[in-house]
4 protein chains.
Amino acid sequence: MAMKTSFESDYNNGAHPEVICHLLETNGKQSQSYGFDEWSEQARKKIRAACECPDADIFFLVGGTQTNATVIDGMLQTFEGVIAVQTAHINVHESGAVEASGHKVITLPSHDGKMDAGELKAWLKAFHADPTLEHMVIPGMVYITFPTELGSVYTAKEIEEILSVCRQYDLKLFIDGARLGYGLASSECDFDLPWLAHHCDAFYIGGTKVGALCGEAVVFPRGNAPRHFMNIVKRHGALLAKSRLAGVQFDALFTDNLYFNISKHAIDMAMKMRKLFADAGVPLRDSSTNQQFVELTNEQMNHILKDVLFETWAPIDDNLTLCRFVTSWATTDRDLKALKEALETL
Amino acid sequence: MAMKTSFESDYNNGAHPEVICHLLETNGKQSQSYGFDEWSEQARKKIRAACECPDADIFFLVGGTQTNATVIDGMLQTFEGVIAVQTAHINVHESGAVEASGHKVITLPSHDGKMDAGELKAWLKAFHADPTLEHMVIPGMVYITFPTELGSVYTAKEIEEILSVCRQYDLKLFIDGARLGYGLASSECDFDLPWLAHHCDAFYIGGTKVGALCGEAVVFPRGNAPRHFMNIVKRHGALLAKSRLAGVQFDALFTDNLYFNISKHAIDMAMKMRKLFADAGVPLRDSSTNQQFVELTNEQMNHILKDVLFETWAPIDDNLTLCRFVTSWATTDRDLKALKEALETL
Amino acid sequence: MAMKTSFESDYNNGAHPEVICHLLETNGKQSQSYGFDEWSEQARKKIRAACECPDADIFFLVGGTQTNATVIDGMLQTFEGVIAVQTAHINVHESGAVEASGHKVITLPSHDGKMDAGELKAWLKAFHADPTLEHMVIPGMVYITFPTELGSVYTAKEIEEILSVCRQYDLKLFIDGARLGYGLASSECDFDLPWLAHHCDAFYIGGTKVGALCGEAVVFPRGNAPRHFMNIVKRHGALLAKSRLAGVQFDALFTDNLYFNISKHAIDMAMKMRKLFADAGVPLRDSSTNQQFVELTNEQMNHILKDVLFETWAPIDDNLTLCRFVTSWATTDRDLKALKEALETL
Amino acid sequence: MAMKTSFESDYNNGAHPEVICHLLETNGKQSQSYGFDEWSEQARKKIRAACECPDADIFFLVGGTQTNATVIDGMLQTFEGVIAVQTAHINVHESGAVEASGHKVITLPSHDGKMDAGELKAWLKAFHADPTLEHMVIPGMVYITFPTELGSVYTAKEIEEILSVCRQYDLKLFIDGARLGYGLASSECDFDLPWLAHHCDAFYIGGTKVGALCGEAVVFPRGNAPRHFMNIVKRHGALLAKSRLAGVQFDALFTDNLYFNISKHAIDMAMKMRKLFADAGVPLRDSSTNQQFVELTNEQMNHILKDVLFETWAPIDDNLTLCRFVTSWATTDRDLKALKEALETL
């Protein structure tokens, strides 16, 4: 039986061939563990160069939720909370991993997945003017995602404004880059990786969704990793014994620009996909990244599902559903052809 | 120097004379500790009778935040969260005590401080239909306050509806009664203590704000205290060594209807206060309990503050502020007279 | 029915008459809350003077377990642990309150309840030499009790040595003074309160067991309270709304040397008690504080229990049990007479 | 430069060739995620068969510390602790991951890494007889390792006795099998995998140290996974998005007996290694598994380290050190030859 083409997510493929091959070619060699293997060291060097952050502290963790929980807990004092928008991954889809380590997620409104610097500032101003402040959770960090869960991207100006508020109120800025490559490859993105690295206190370069089998590279750009961060990682169950698994993959991803090239490919595919939907007269939400959101009638959904898989995102009304179609480094013209054929026969 | 009259809160007086006298008259007697003293036992019997819950498990804790954190943590599984409205005390004014024990506070809209059963049901229905449920916090409890932080009271029908949704979705219902007496004494309240006790899984009878120096009586109406609840209380640092301190006070409060009588007095005073504001033409929010919210201009605020203390609640606009005036068991006609005089000279 | 004399604990009496009277005489006055009442401020001044620490930060909490959990959590980083001896209260009798906030209790051997500075140093030296340090809990604090759970007292030299090790390894030193008065009044104690205050990073002056109904005064001697400690206290459910309850009691205890005088009385009574046991030929453990440990046969236990209550501590063999007899500020000559009579008829 | 032969650990090689090849051959295929991929399903079936537990619930996590913390937290109530021996991995080398989720590790003496059922029973008997039980951590689980951190193995009788105590006191029994294959392959082991699966409440089959790049298979033998265990796994940051990574590896390991065969090989190599040490007159501790502990003088250590790497375990005296040499599925005769040559020239 032929498999249906899937646009359900950017983690239903294996690893990029260069990545899996590097795992194979290094497999026979012995190495140190817990981050001290040669490939992790190599990958750290390459990432430091790519970020233009020669002093960066870099740690390889396994997945996104784990990375968010570990970094947030590691950078906060026990009693501090983290500010995020309502739709933030840490607020919705991490089963309370942040709260599990004792920290409240303080929510602000989401604007197409993004936080508004003005609203953040107003909230902080009101917080610090509140006479009951001693009964509230002290905010210690701002968490944003780039690109957001809804496929949108911040502009350089928007991030600068958020960072400026963070500096004013002594908050850390942490950027969740689970899909970082796809955000940087967006035509709407007006900055590059080094710029991003210089405009936050910590961020991570998502591997799982961008070519790896697993792995997220946490970057503390100015060598500003929390004291004893290895112990913190271990305490969160996030320290890989065979750290080569992550090291080898990131070594491959940051060789010859692979991470950026395959991200660019996913975005090219996404833009072609947009054209297919537009040609078919299907209403499309704005998105310049690899997640595309379209409005489908029940009939259209059922028709397309015969050949192509995707995710239902949220009901709009009784007959209309917002659906998500995701491209990735692995998306092929053949996949788009299958979608095209399904759309043509709507 | 004469003290200004204060309507700032219902915890800026000492204890009711009957309570402080009972502390004095029992002081010389030796007793067991950790809840096994004779007065705690006596108080439990009286509360069981007042609730018409002969099998109730009853524990005396010290304060509201402690009680909320301990009961919520004790009744939830490690991975479960608690549903509350945005304005709920646990969500705003407990410095993250619930999250400190690892549980997320899941928020619904506040309607004048109250949760809407229909919105609760819709949220739960959507939650259970969500294919990503395994990535979300499982709700284990609904938390409501009676009366609410904004002075409003649920009707019996509203609580019945919330309880019915809880039963349908297998959630515990916990009612924070930090100001329980004042809610039950409200003219809008269409139920009594036994009714309340039979319409939830746990609640507490607030002592700190209703005549005691400290103390909250947690009631598990059907003998349904979580297994090893004493250890849970101890683990939260909430077990009084000299439990007589709480026991004696609740023994006094539940003798000769004291708790209800002094609550009624506070409400009578609040209603008289409403009349004073109305007579002075000051805009008043609806409230049938001991917390009254009025809109004052900056000029009015400054004028009144010369003689009478109150709390600013929230700015309305540049010139207008929502202010809170609170009565309690200790409010006197003389206090009201001071307010009256201040209002008359506005 | 006449009550039996009880030597079970130092918390089965009410409050010292001066303390309960001060509660009564201040009861009618309105006050601020959450630590800002006048008596708390007054008590803080008196305690600063008694400690000769003009810059001390002082907070009043309710009970011992709560105080230990709050101070330890407040002074540690999330990932740090606290070093204590096996028999330490936090390791045995606090239902895991320290672990509940995520911190491991790292145990060293107990020497009659005391930690040995040499063993501490050896442990730390080995820890820092351990190549697997990144997989272990980083120690952040040393916790000792004064007097210990077994009634022993540290000498000035012993505490100096422990503090010196703490300084060398950058650890905080926290002293649990639940029975502080009784320790300072011991004839074996070769320092006073100011000396103690200058030889640790935090300690608390126990009120519950020394004359109060509840209350422990946490002292950060050099104004070194953790940032946002009020929020930390609130997060632990340990912030009294009617802080006057603690403030008034400590105000009384630190007026006219009351705390020290009543502690001295308890020790005098304990020494008289020792003589009674010695005269009766009952084997006694060394103890210069208010807890006395004696070896009783089953027959002796049953005989004494007819008139006098005490606590069985630990079985020694089938016929012999280690028993604890505790004096307090409330112990009277009449109590001792009852014990004397029981012993005389053994 | 030639690499030195390393016996430092059983996680400094890549994956077994069959495992890495299976990753390669499945890489091109799309799959579901979060445990719903075809290989995870396949692996679960094979493991159920190997355990003779047709109803087993099986989850694939990434590493040992993560697995311990997740399973222990998932099976315990919030307030419960876990009993383990002093030398247990969770007590020493997991940076407090168990305490991080709020649970105390209660320690018993280690007998060559093993727990004694008699001591366990005596401890539990004393605990339940303790009148201060309500102030202590309630034990909810017994944690043992098989084989232990010191290379020893429990006999069937020893495990039966521990399980029997657990049943009597209503405790869960959880077996950490990070090196399970090596334990089962030991000549001293008198049971097999199905027997083990039927004599505990949960255990895990270690992959990281036995042929995989990462991955531990948690088995709840009677379909007795805690309710909502997926959410618990996610909350611990332990849910792999590309679950195929673990699924494919365990699919390979449980095909054609691979897991058992490669474990057997490691033990054969370890026994040959023992002979080499014995021949060289080096004192050896008893161990029938893949970890061998020998006593080396400083001179001997330095000599061997020129060609062969190993781990120093613990100083014995100024001149003598206990050293650990570890074999694995990857150890070759060539590796042993290098050791032999080093030993011959001592």
# chains A, B, ... in the order shown; residues from 1 in each chain; ligands from 1
>>> residues_around(residues="range 217-233 of chain B", least_positions_apart="2", cutoff="6 Å", atoms="only C-alpha atoms", output="PyMOL selection string")
(chain B and resi 53+55-60+197+202-205+235-236+238-239) or (chain C and resi 95) or (chain D and resi 134-135)
>>> interface_residues(of="chain A", to="chain B", cutoff="9 Å", atoms="only C-alpha atoms", output="list in words")
Thr78, Phe79, Glu80, Gly81, Asn91, Val92, His93, Glu94, Ser95, Gly96, Ala97, Val98, Glu99, Ala100, Ser101, Gly102, His103, Lys104, Val105, Thr132, Leu133, Glu134, His135, Met136, Val137 and Ile138 of chain A
>>> write_last_selection(atoms="N, CA and C atoms", output="PDB file, in the first residue's frame")
ATOM      1  N   THR A  78      14.397  30.431  42.170  1.00  0.00           N
ATOM      2  CA  THR A  78      13.282  29.517  42.488  1.00  0.00           C
ATOM      3  C   THR A  78      11.923  30.196  42.433  1.00  0.00           C
ATOM      4  N   PHE A  79      11.850  31.438  42.868  1.00  0.00           N
ATOM      5  CA  PHE A  79      10.563  32.090  43.070  1.00  0.00           C
ATOM      6  C   PHE A  79      10.115  32.911  41.865  1.00  0.00           C
ATOM      7  N   GLU A  80      10.907  32.928  40.812  1.00  0.00           N
ATOM      8  CA  GLU A  80      10.574  33.770  39.669  1.00  0.00           C
ATOM      9  C   GLU A  80       9.696  33.047  38.647  1.00  0.00           C
ATOM     10  N   GLY A  81       8.951  33.837  37.872  1.00  0.00           N
ATOM     11  CA  GLY A  81       8.135  33.304  36.796  1.00  0.00           C
ATOM     12  C   GLY A  81       8.641  33.775  35.458  1.00  0.00           C
ATOM     13  N   ASN A  91       3.156  27.398  27.490  1.00  0.00           N
ATOM     14  CA  ASN A  91       1.892  27.616  28.202  1.00  0.00           C
ATOM     15  C   ASN A  91       0.829  26.610  27.825  1.00  0.00           C
ATOM     16  N   VAL A  92       0.976  25.998  26.661  1.00  0.00           N
ATOM     17  CA  VAL A  92      -0.110  25.175  26.121  1.00  0.00           C
ATOM     18  C   VAL A  92       0.265  23.707  25.951  1.00  0.00           C
ATOM     19  N   HIS A  93       1.441  23.469  25.403  1.00  0.00           N
ATOM     20  CA  HIS A  93       1.720  22.119  24.906  1.00  0.00           C
ATOM     21  C   HIS A  93       2.917  21.448  25.545  1.00  0.00           C
ATOM     22  N   GLU A  94       3.214  21.781  26.796  1.00  0.00           N
ATOM     23  CA  GLU A  94       4.348  21.117  27.432  1.00  0.00           C
ATOM     24  C   GLU A  94       3.932  20.441  28.738  1.00  0.00           C
ATOM     25  N   SER A  95       2.654  20.144  28.853  1.00  0.00           N
ATOM     26  CA  SER A  95       2.139  19.385  30.004  1.00  0.00           C
ATOM     27  C   SER A  95       2.576  19.958  31.346  1.00  0.00           C
ATOM     28  N   GLY A  96       2.810  21.265  31.358  1.00  0.00           N
ATOM     29  CA  GLY A  96       3.162  21.887  32.637  1.00  0.00           C
ATOM     30  C   GLY A  96       4.602  21.651  33.060  1.00  0.00           C
ATOM     31  N   ALA A  97       5.505  21.452  32.104  1.00  0.00           N
ATOM     32  CA  ALA A  97       6.908  21.179  32.463  1.00  0.00           C
ATOM     33  C   ALA A  97       7.548  22.363  33.186  1.00  0.00           C
ATOM     34  N   VAL A  98       7.160  23.575  32.835  1.00  0.00           N
ATOM     35  CA  VAL A  98       7.737  24.745  33.514  1.00  0.00           C
ATOM     36  C   VAL A  98       7.225  24.824  34.950  1.00  0.00           C
ATOM     37  N   GLU A  99       5.921  24.630  35.125  1.00  0.00           N
ATOM     38  CA  GLU A  99       5.350  24.636  36.470  1.00  0.00           C
ATOM     39  C   GLU A  99       5.913  23.454  37.282  1.00  0.00           C
ATOM     40  N   ALA A 100       6.228  22.353  36.622  1.00  0.00           N
ATOM     41  CA  ALA A 100       6.774  21.195  37.334  1.00  0.00           C
ATOM     42  C   ALA A 100       8.058  21.553  38.069  1.00  0.00           C
ATOM     43  N   SER A 101       8.782  22.542  37.562  1.00  0.00           N
ATOM     44  CA  SER A 101       9.973  22.973  38.296  1.00  0.00           C
ATOM     45  C   SER A 101       9.689  24.217  39.143  1.00  0.00           C
ATOM     46  N   GLY A 102       8.402  24.505  39.339  1.00  0.00           N
ATOM     47  CA  GLY A 102       8.029  25.502  40.335  1.00  0.00           C
ATOM     48  C   GLY A 102       7.824  26.922  39.834  1.00  0.00           C
ATOM     49  N   HIS A 103       7.882  27.115  38.533  1.00  0.00           N
ATOM     50  CA  HIS A 103       7.797  28.478  37.997  1.00  0.00           C
ATOM     51  C   HIS A 103       6.461  28.717  37.298  1.00  0.00           C
ATOM     52  N   LYS A 104       5.860  29.848  37.586  1.00  0.00           N
ATOM     53  CA  LYS A 104       4.605  30.208  36.928  1.00  0.00           C
ATOM     54  C   LYS A 104       4.877  30.753  35.533  1.00  0.00           C
ATOM     55  N   VAL A 105       4.006  30.403  34.593  1.00  0.00           N
ATOM     56  CA  VAL A 105       4.011  31.047  33.288  1.00  0.00           C
ATOM     57  C   VAL A 105       3.001  32.190  33.352  1.00  0.00           C
ATOM     58  N   THR A 132       0.640  45.413  46.014  1.00  0.00           N
ATOM     59  CA  THR A 132       0.599  44.020  46.488  1.00  0.00           C
ATOM     60  C   THR A 132       1.665  43.160  45.816  1.00  0.00           C
ATOM     61  N   LEU A 133       2.665  43.811  45.258  1.00  0.00           N
ATOM     62  CA  LEU A 133       3.742  43.115  44.536  1.00  0.00           C
ATOM     63  C   LEU A 133       4.351  41.975  45.349  1.00  0.00           C
ATOM     64  N   GLU A 134       4.386  42.141  46.664  1.00  0.00           N
ATOM     65  CA  GLU A 134       5.019  41.092  47.475  1.00  0.00           C
ATOM     66  C   GLU A 134       4.181  39.818  47.574  1.00  0.00           C
ATOM     67  N   HIS A 135       2.976  39.893  47.006  1.00  0.00           N
ATOM     68  CA  HIS A 135       2.096  38.726  46.996  1.00  0.00           C
ATOM     69  C   HIS A 135       2.019  38.108  45.606  1.00  0.00           C
ATOM     70  N   MET A 136       2.837  38.605  44.711  1.00  0.00           N
ATOM     71  CA  MET A 136       2.751  38.155  43.331  1.00  0.00           C
ATOM     72  C   MET A 136       4.023  37.426  42.906  1.00  0.00           C
ATOM     73  N   VAL A 137       3.951  36.783  41.751  1.00  0.00           N
ATOM     74  CA  VAL A 137       5.130  36.112  41.222  1.00  0.00           C
ATOM     75  C   VAL A 137       6.028  37.161  40.563  1.00  0.00           C
ATOM     76  N   ILE A 138       7.275  37.187  40.964  1.00  0.00           N
ATOM     77  CA  ILE A 138       8.239  38.121  40.386  1.00  0.00           C
ATOM     78  C   ILE A 138       8.639  37.615  39.001  1.00  0.00           C
TER      79      ILE A 138
END
>>> residues_around(residues="Leu276 in chain B", least_positions_apart="4", cutoff="8 Å", atoms="only C-alpha atoms", output="list in words")
Lys272, Ala280, Leu339, Lys340 and Leu343 of chain B
>>> atom_distance(atom1="CA of Leu296 in chain C", atom2="CA of Asn319 in chain C")
8.3 Å
>>> atom_distance(atom1="CA of Val82 in chain B", atom2="CA of Tyr143 in chain B")
6.6 Å
>>> residues_around(residues="Met273 in chain A", least_positions_apart="3", cutoff="10 Å", atoms="only C-alpha atoms", output="number ranges by chain")
A: 267-270, 276-279, 290, 292, 325-327, 333, 335-337, 339-340
>>> select_by_dssp(residues="range 139-172 of chain B", states="strand (DSSP E or B)", output="list in words")
Pro139, Gly140, Met141, Val142, Tyr143, Ile144, Thr145 and Lys172 of chain B
>>> write_last_selection(atoms="C-alpha atoms", output="PDB file, in the first residue's frame")
ATOM      1  CA  PRO B 139      -7.174  19.367  34.855  1.00  0.00           C
ATOM      2  CA  GLY B 140      -7.887  17.694  38.175  1.00  0.00           C
ATOM      3  CA  MET B 141      -9.810  20.293  40.134  1.00  0.00           C
ATOM      4  CA  VAL B 142     -11.967  23.387  39.901  1.00  0.00           C
ATOM      5  CA  TYR B 143     -11.184  26.161  42.394  1.00  0.00           C
ATOM      6  CA  ILE B 144     -13.701  28.863  43.146  1.00  0.00           C
ATOM      7  CA  THR B 145     -13.886  31.462  45.897  1.00  0.00           C
ATOM      8  CA  LYS B 172     -12.724  17.816  42.315  1.00  0.00           C
TER       9      LYS B 172
END
>>> atom_distance(atom1="CA of Leu76 in chain D", atom2="CA of Phe191 in chain D")
27.8 Å
>>> closest_residue(among="D:Leu258, D:Leu193, D:Ile47, D:Leu171", to="Gln77 in chain D", atoms="only C-alpha atoms")
D:Leu171
>>> residues_around(residues="Ala122 in chain A", least_positions_apart="6", cutoff="12 Å", atoms="only C-alpha atoms", output="VMD selection string")
chain A and resid 108 116 128 to 129 162 165 169
>>> write_last_selection(atoms="C-alpha atoms", output="short mmCIF file (atom, residue, chain, number, x, y, z; two decimals), in the first residue's frame")
data_model
loop_
_atom_site.label_atom_id
_atom_site.label_comp_id
_atom_site.auth_asym_id
_atom_site.auth_seq_id
_atom_site.Cartn_x
_atom_site.Cartn_y
_atom_site.Cartn_z
CA LEU A 108 0.22 38.25 27.91
CA ASP A 116 3.87 43.13 21.90
CA HIS A 128 6.04 47.40 39.76
CA ALA A 129 3.50 50.03 40.78
CA ILE A 162 11.28 43.56 23.67
CA VAL A 165 12.05 46.42 27.95
CA TYR A 169 13.23 45.74 34.03
#
